[in-house]
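Shown next, in structure tokens, is the structure this report addresses.
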Amino acid sequence: MKEIMKKISYLRGLCEGSGFGEDTKEGAVFAGILDVLDDMAEILEAFEYDDECEDECDDGEEYTYAFICPACGQELEVDEDILENEEELTCPACGNIIPVVNEFADFDDDEE
């Protein structure tokens, strides 16, 4: 991120030294481009922070997942515990059985 900020600062210096003031068409374009680059750098920095926080911070938050019953269209919300421990769900509206595929399942066992 520091490298991007250095490049933006370098470009800002080039634009300021070009002799085009912000009151000229060219200067207005340069200033606008630099403003957009600053905004993009801030957004990238926020994403970088979010990635670090996601890796380092454990918020202990539990997530729910939604399934749609293919037979009746009823939405079923389940938490992580159910997804990890159950192989199928039963729709409370129509009784249809919905298979649950655990994303952490070891699919290599099927090949043997």
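Going through the structure tokens in order, the chains are called A, B, and so on, while each chain numbers its residues from 1 and the ligands are numbered from 1 in the order shown.
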Close residues, A:Cys94 itself excluded, 9 Å, only C-alpha atoms, min 4 positions apart in chain, as a list in words: Cys69, Ala71, Cys72, Gln74 and Thr90 of chain A
Excluding same-chain residues fewer than 4 positions from stretch 23-31 of chain A, what lies within 12 Å of it counting only C-alpha atoms, as a list in words? Ile8, Leu11, Arg12, Gly13, Leu14, Cys15, Glu16, Gly17, Ser18, Gly19, Asp35, Val36, Leu37 and Asp38 of chain A
Checklist line | Nearest-residue call for A:Gly95, choices A:Val78, A:Met5, A:Ala46, A:Gly73, using only C-alpha atoms | finding: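 Closest to A:Gly95, using only C-alpha atoms: A:Gly73.
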- Task: Point out the residue among A:Ile43, A:Val100, A:Leu76, A:Leu34 with the least atom-to-atom distance to A:Tyr10, counting only C-alpha atoms.
- Result: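 Of all the options, A:Leu34 lies closest to A:Tyr10.
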So which one's closest to A:Phe67, A:Lys7, A:Ile33, A:Glu88, A:Leu44? Using only C-alpha atoms, please.
->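 Distance minimum relative to A:Phe67 lands on A:Glu88.
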Leaving out A:Glu77 and any residue of its chain fewer than 4 positions from it, which residues lie within 8 Å of it when counting only C-alpha atoms, given as a ChimeraX atom specification?
/A:64-67
As a VMD selection string, list the residues of stretch 24-96 of chain A assigned to strand (DSSP E or B) by DSSP on the backbone atoms of this structure.
chain A and resid 64 to 68 75 to 79 88 to 90
In Å and to one decimal, atom CA of A:Ile97 is distant from atom CA of A:Glu75 by 13.3 Å
request  = Within 10 Å of A:Asp81, counting only C-alpha atoms, which residues show up once you throw out same-chain ones fewer than 3 positions away? Write them as a count of residues only, please.
outcome  = 7
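Look at A:Met1: the protein and nucleic acid residues within 10 Å of it, using only C-alpha atoms and passing over chain neighbours fewer than 6 places away, are Ala41, Glu42, Leu44, Glu45 and Glu48 of chain A.
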Closest of A:Ile68, A:Phe47, A:Ile4, A:Asp39 to A:Leu89, counting only C-alpha atoms, is A:Ile68
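One distance worth recording is that between atom CA of A:Phe20 and atom CA of A:Lys2, which is 27.1 Å.
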**Report entry** Of the listed residues A:Gly21, A:Lys6, A:Gly32, A:Leu83, that which approaches A:Ile98 most closely, counting only C-alpha atoms
**Finding:**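 Going through A:Gly21, A:Lys6, A:Gly32, A:Leu83 one by one, the smallest distance to A:Ile98 is for A:Leu83.
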